[in-house]
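Shown here: my_file16.cif, mmCIF, C-alpha atoms.
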```cif
data_coords
loop_
_atom_site.label_atom_id
_atom_site.label_comp_id
_atom_site.auth_asym_id
_atom_site.auth_seq_id
_atom_site.Cartn_x
_atom_site.Cartn_y
_atom_site.Cartn_z
CA MET A 1195 -18.94 227.45 75.86
CA ASP A 1196 -21.85 225.63 74.30
CA ILE A 1197 -22.87 225.94 70.68
CA SER A 1198 -26.48 225.03 70.07
CA ARG A 1199 -27.43 222.20 67.77
CA GLU A 1200 -29.90 224.52 66.03
CA LYS A 1201 -27.14 226.99 65.20
CA ILE A 1202 -25.03 224.24 63.66
CA GLU A 1203 -27.98 222.69 61.80
CA SER A 1204 -28.81 226.05 60.24
CA HIS A 1205 -25.40 225.99 58.54
CA ILE A 1206 -25.59 222.48 57.13
CA PHE A 1207 -26.35 222.39 53.41
CA TYR A 1208 -27.02 219.53 51.04
CA LEU A 1209 -24.70 219.70 48.01
CA ARG A 1210 -23.44 216.94 45.71
CA ASN A 1211 -25.68 214.47 47.52
CA THR A 1212 -24.01 215.00 50.88
CA LYS A 1213 -24.36 217.22 53.93
CA VAL A 1214 -21.71 219.94 54.07
CA MET A 1215 -20.79 223.10 55.92
CA LEU A 1216 -19.20 226.10 54.24
CA ASP A 1217 -15.81 227.57 55.15
CA ARG A 1218 -17.24 230.91 56.25
CA ASP A 1219 -19.74 229.32 58.64
CA LEU A 1220 -17.10 227.01 60.10
CA ALA A 1221 -14.69 229.91 60.52
CA ASN A 1222 -17.37 231.80 62.45
CA LEU A 1223 -17.96 228.80 64.72
CA TYR A 1224 -14.20 228.33 65.28
CA GLN A 1225 -13.81 232.10 65.78
CA VAL A 1226 -11.09 232.41 63.15
CA GLU A 1227 -11.01 234.39 59.92
CA THR A 1228 -12.17 232.53 56.83
CA ARG A 1229 -8.87 233.26 55.08
CA GLN A 1230 -6.96 231.72 58.02
CA LEU A 1231 -9.08 228.57 57.84
CA LYS A 1232 -8.54 228.33 54.06
CA ARG A 1233 -4.81 228.95 54.47
CA GLN A 1234 -4.53 226.05 56.92
CA VAL A 1235 -6.46 223.82 54.53
CA ARG A 1236 -4.19 224.77 51.59
CA ARG A 1237 -1.09 224.09 53.71
CA ASN A 1238 -2.47 220.64 54.52
CA ILE A 1239 -4.30 219.94 51.27
CA ASP A 1240 -3.29 216.24 51.30
CA ARG A 1241 -5.57 215.79 54.32
CA PHE A 1242 -8.59 217.00 52.30
CA PRO A 1243 -9.45 214.72 49.39
CA GLU A 1244 -12.58 215.62 47.39
CA ASP A 1245 -14.83 213.47 49.60
CA PHE A 1246 -13.68 215.61 52.58
CA MET A 1247 -13.69 219.07 50.97
CA PHE A 1248 -14.52 220.59 47.59
CA VAL A 1249 -14.69 224.03 46.02
CA LEU A 1250 -18.17 225.18 45.05
CA ASN A 1251 -18.89 225.78 41.37
CA GLU A 1252 -21.04 228.68 40.09
CA GLN A 1253 -24.24 226.64 40.06
CA GLU A 1254 -23.71 225.51 43.66
CA ILE A 1255 -22.96 229.06 44.80
CA ASN A 1256 -26.21 230.24 43.19
CA GLU A 1257 -28.08 227.33 44.80
CA VAL A 1258 -26.76 228.23 48.25
CA VAL A 1259 -27.70 231.88 47.74
CA CYS A 1260 -31.18 231.16 46.31
CA GLN A 1261 -32.36 228.23 48.38
CA ASN A 1262 -30.64 228.45 51.72
CA GLY A 1263 -31.23 231.96 52.98
CA THR A 1264 -27.77 233.27 52.18
CA PRO A 1265 -28.28 237.01 51.64
CA SER A 1266 -26.21 237.34 48.46
CA ARG A 1267 -22.98 236.30 46.79
CA SER A 1268 -21.24 239.11 48.70
CA TYR A 1269 -21.74 236.97 51.83
CA PHE A 1270 -18.72 234.96 50.64
CA GLY A 1271 -16.54 238.07 50.49
CA GLY A 1272 -15.69 237.64 46.81
CA ALA A 1273 -13.92 234.32 47.39
CA ILE A 1274 -15.12 230.97 46.12
CA PRO A 1275 -16.31 228.98 49.13
CA TYR A 1276 -15.02 225.61 50.25
CA ALA A 1277 -17.56 223.01 51.35
CA PHE A 1278 -16.54 220.50 54.03
CA THR A 1279 -18.18 217.11 54.49
CA GLU A 1280 -18.45 215.54 57.92
CA HIS A 1281 -15.03 213.89 57.47
CA GLY A 1282 -13.50 217.16 56.30
CA ILE A 1283 -14.83 218.91 59.38
CA LEU A 1284 -13.21 216.24 61.54
CA MET A 1285 -9.92 216.85 59.73
CA LEU A 1286 -10.20 220.60 60.34
CA SER A 1287 -9.75 220.16 64.08
CA SER A 1288 -6.33 218.64 63.45
CA VAL A 1289 -5.11 221.44 61.18
CA LEU A 1290 -6.56 224.31 63.23
CA ASN A 1291 -5.11 222.85 66.41
CA SER A 1292 -6.90 224.95 69.00
CA LYS A 1293 -9.01 224.18 72.06
CA ARG A 1294 -11.97 225.96 70.47
CA ALA A 1295 -11.66 223.85 67.28
CA ILE A 1296 -11.83 220.67 69.35
CA ILE A 1297 -14.91 221.79 71.29
CA VAL A 1298 -16.71 223.04 68.17
CA ASN A 1299 -15.90 219.82 66.31
CA ILE A 1300 -17.37 217.72 69.10
CA GLN A 1301 -20.63 219.71 68.88
CA ILE A 1302 -20.70 219.45 65.08
CA MET A 1303 -20.14 215.68 65.20
CA ARG A 1304 -22.94 215.31 67.75
CA THR A 1305 -25.22 217.31 65.46
CA PHE A 1306 -24.37 215.19 62.40
CA SER A 1307 -24.95 212.01 64.45
CA GLY A 1308 -28.29 213.34 65.68
CA LEU A 1309 -29.37 214.12 62.13
CA ARG A 1310 -28.39 210.60 61.03
CA ARG A 1311 -30.43 209.07 63.88
CA MET A 1312 -33.42 211.26 63.04
CA LEU A 1313 -33.28 210.26 59.35
CA SER A 1314 -32.92 206.62 60.32
CA ASN A 1315 -35.99 206.83 62.57
CA TYR A 1316 -37.95 208.53 59.80
CA SER A 1317 -36.92 205.83 57.32
CA GLU A 1318 -37.96 203.05 59.71
CA LEU A 1319 -41.32 204.72 60.36
CA HIS A 1320 -41.92 205.09 56.63
CA LYS A 1321 -41.21 201.38 56.07
CA LYS A 1322 -43.58 200.38 58.87
CA LEU A 1323 -46.36 202.55 57.47
CA LEU A 1324 -45.93 200.99 54.04
CA GLU A 1325 -46.10 197.49 55.57
CA ILE A 1326 -49.27 198.37 57.48
CA GLU A 1327 -50.81 199.89 54.37
CA LYS A 1328 -50.09 196.73 52.35
CA ARG A 1329 -51.36 194.43 55.09
CA PHE A 1330 -54.61 196.26 55.78
CA ASP A 1331 -55.33 197.76 52.35
CA SER A 1332 -58.08 195.24 51.48
CA GLN A 1333 -59.70 195.54 54.92
CA PHE A 1334 -59.93 199.31 54.70
CA LYS A 1335 -60.91 199.47 51.02
CA ILE A 1336 -64.56 199.87 52.01
CA VAL A 1337 -63.68 202.77 54.32
CA PHE A 1338 -61.57 204.49 51.63
CA ASP A 1339 -64.33 203.99 49.05
CA ALA A 1340 -66.89 205.50 51.43
CA ILE A 1341 -64.64 208.50 52.10
CA LYS A 1342 -64.13 209.04 48.36
CA ALA A 1343 -67.90 208.86 47.80
CA LEU A 1344 -68.49 211.45 50.51
CA MET A 1345 -65.91 213.74 48.94
CA LYS A 1346 -67.62 213.77 45.51
CA PRO A 1347 -69.57 216.95 44.85
CA THR A 1348 -73.34 216.47 45.06
CA GLU A 1349 -75.51 217.11 42.05
CA LYS A 1350 -77.29 220.44 42.24
CA THR A 1351 -81.03 220.64 41.95
CA GLY A 1352 -82.58 223.60 40.25
CA LYS A 1353 -84.06 225.03 43.45
CA LYS A 1354 -82.20 227.20 45.90
CA ILE A 1355 -82.67 226.55 49.59
CA GLY A 1356 -83.31 229.46 51.92
CA PHE A 1357 -85.23 232.68 52.05
CA LEU A 1358 -85.74 234.94 49.07
CA ARG A 1359 -84.87 238.58 49.39
CA GLY A 1360 -87.31 241.14 48.21
CA GLY A 1361 -87.44 241.19 44.40
CA GLU A 1362 -85.80 237.76 43.87
CA LYS A 1363 -87.85 235.10 42.21
CA ASP A 1364 -87.69 231.38 42.78
CA VAL A 1365 -85.70 229.70 40.02
#
```
How does this structure look as structure tokens?
Amino acid sequence: MDISREKIESHIFYLRNTKVMLDRDLANLYQVETRQLKRQVRRNIDRFPEDFMFVLNEQEINEVVCQNGTPSRSYFGGAIPYAFTEHGILMLSSVLNSKRAIIVNIQIMRTFSGLRRMLSNYSELHKKLLEIEKRFDSQFKIVFDAIKALMKPTEKTGKKIGFLRGGEKDV
């Protein structure tokens, strides 16, 4: 059983300045009912401080529906969704206690790690580009000025270029 990274990534949202996954999506990956997942969390609530798991507020629910391709509020089945951070997802494997939960969690952790590496690489590339821009800005000023000059619209002369059609007069 292999769960694709793309499938996991499509269920990662950015809420409260952190990457999270919603209870319904996790339940689907773990192949359990959402209510069973929530029940296990409530029974072990001490394992889920707010930096591990939080309940979405109305604004966040609307944001998930509007911006993340969730079809409608009915997607949540009338219940208020829980959002799990990376640490909360790790904790889920201990409260669900199944072979599937362990395998799914490993894939999710690999996905989160891959995203972190990708963001780190992007950040490093951005820094390097800024350094290069600062270092060579004066040397390429002439080139940038020439490009800007070429991009300026040319002044129009009163005469049109080309052939006149029958009945048109030269302006």
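Among the candidate residues A:Asn1238, A:Thr1279, A:Ser1198, A:Gln1253, the one lying nearest to Val1214 of chain A is A:Thr1279, with distances computed using only C-alpha atoms.
Matched in the shown structure by the PyMOL selection byres ((chain A and resi 1288-1300) around 8): A:Ile1197, A:Leu1223, A:Tyr1224, A:Gln1225, A:Leu1231, A:Gln1234, A:Val1235, A:Asn1238, A:Ile1283, A:Leu1284, A:Met1285, A:Leu1286, A:Ser1287, A:Gln1301, A:Ile1302, A:Met1303, A:Arg1304.
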Could you please take those selected residues and save C-alpha atoms as a compact mmCIF listing (two decimals), in the frame of the given file?
```
# COMPACT_ATOMS: atom_id res chain seq x y z
CA ILE A 1197 -22.87 225.94 70.68
CA LEU A 1223 -17.96 228.80 64.72
CA TYR A 1224 -14.20 228.33 65.28
CA GLN A 1225 -13.81 232.10 65.78
CA LEU A 1231 -9.08 228.57 57.84
CA GLN A 1234 -4.53 226.05 56.92
CA VAL A 1235 -6.46 223.82 54.53
CA ASN A 1238 -2.47 220.64 54.52
CA ILE A 1283 -14.83 218.91 59.38
CA LEU A 1284 -13.21 216.24 61.54
CA MET A 1285 -9.92 216.85 59.73
CA LEU A 1286 -10.20 220.60 60.34
CA SER A 1287 -9.75 220.16 64.08
CA GLN A 1301 -20.63 219.71 68.88
CA ILE A 1302 -20.70 219.45 65.08
CA MET A 1303 -20.14 215.68 65.20
CA ARG A 1304 -22.94 215.31 67.75
```
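Atom CA of Ala1277 of chain A is found 13.9 Å from atom CA of Arg1229 of chain A.
The spacing separating atom CA of Arg1310 of chain A from atom CA of Tyr1208 of chain A amounts to 13.5 Å.
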Seminar exercise, completed: From atom CA of Leu1216 of chain A to atom CA of Asn1256 of chain A the spacing works out at 13.7 Å
For this session: Evaluate the PyMOL selection byres ((chain A and resi 1274) around 12) here and jot the selected residues down as an MDAnalysis selection string.
Result: chainID A and resid 1216:1218 1228:1229 1232 1248:1256 1267:1273 1275:1277
For this session: Would you kindly translate the PyMOL selection byres ((chain A and resi 1247) around 6) into the concrete residues it picks from this file, as an NGL selection string?
Result: :A and (1242 or 1244-1246 or 1248 or 1277-1278 or 1282)
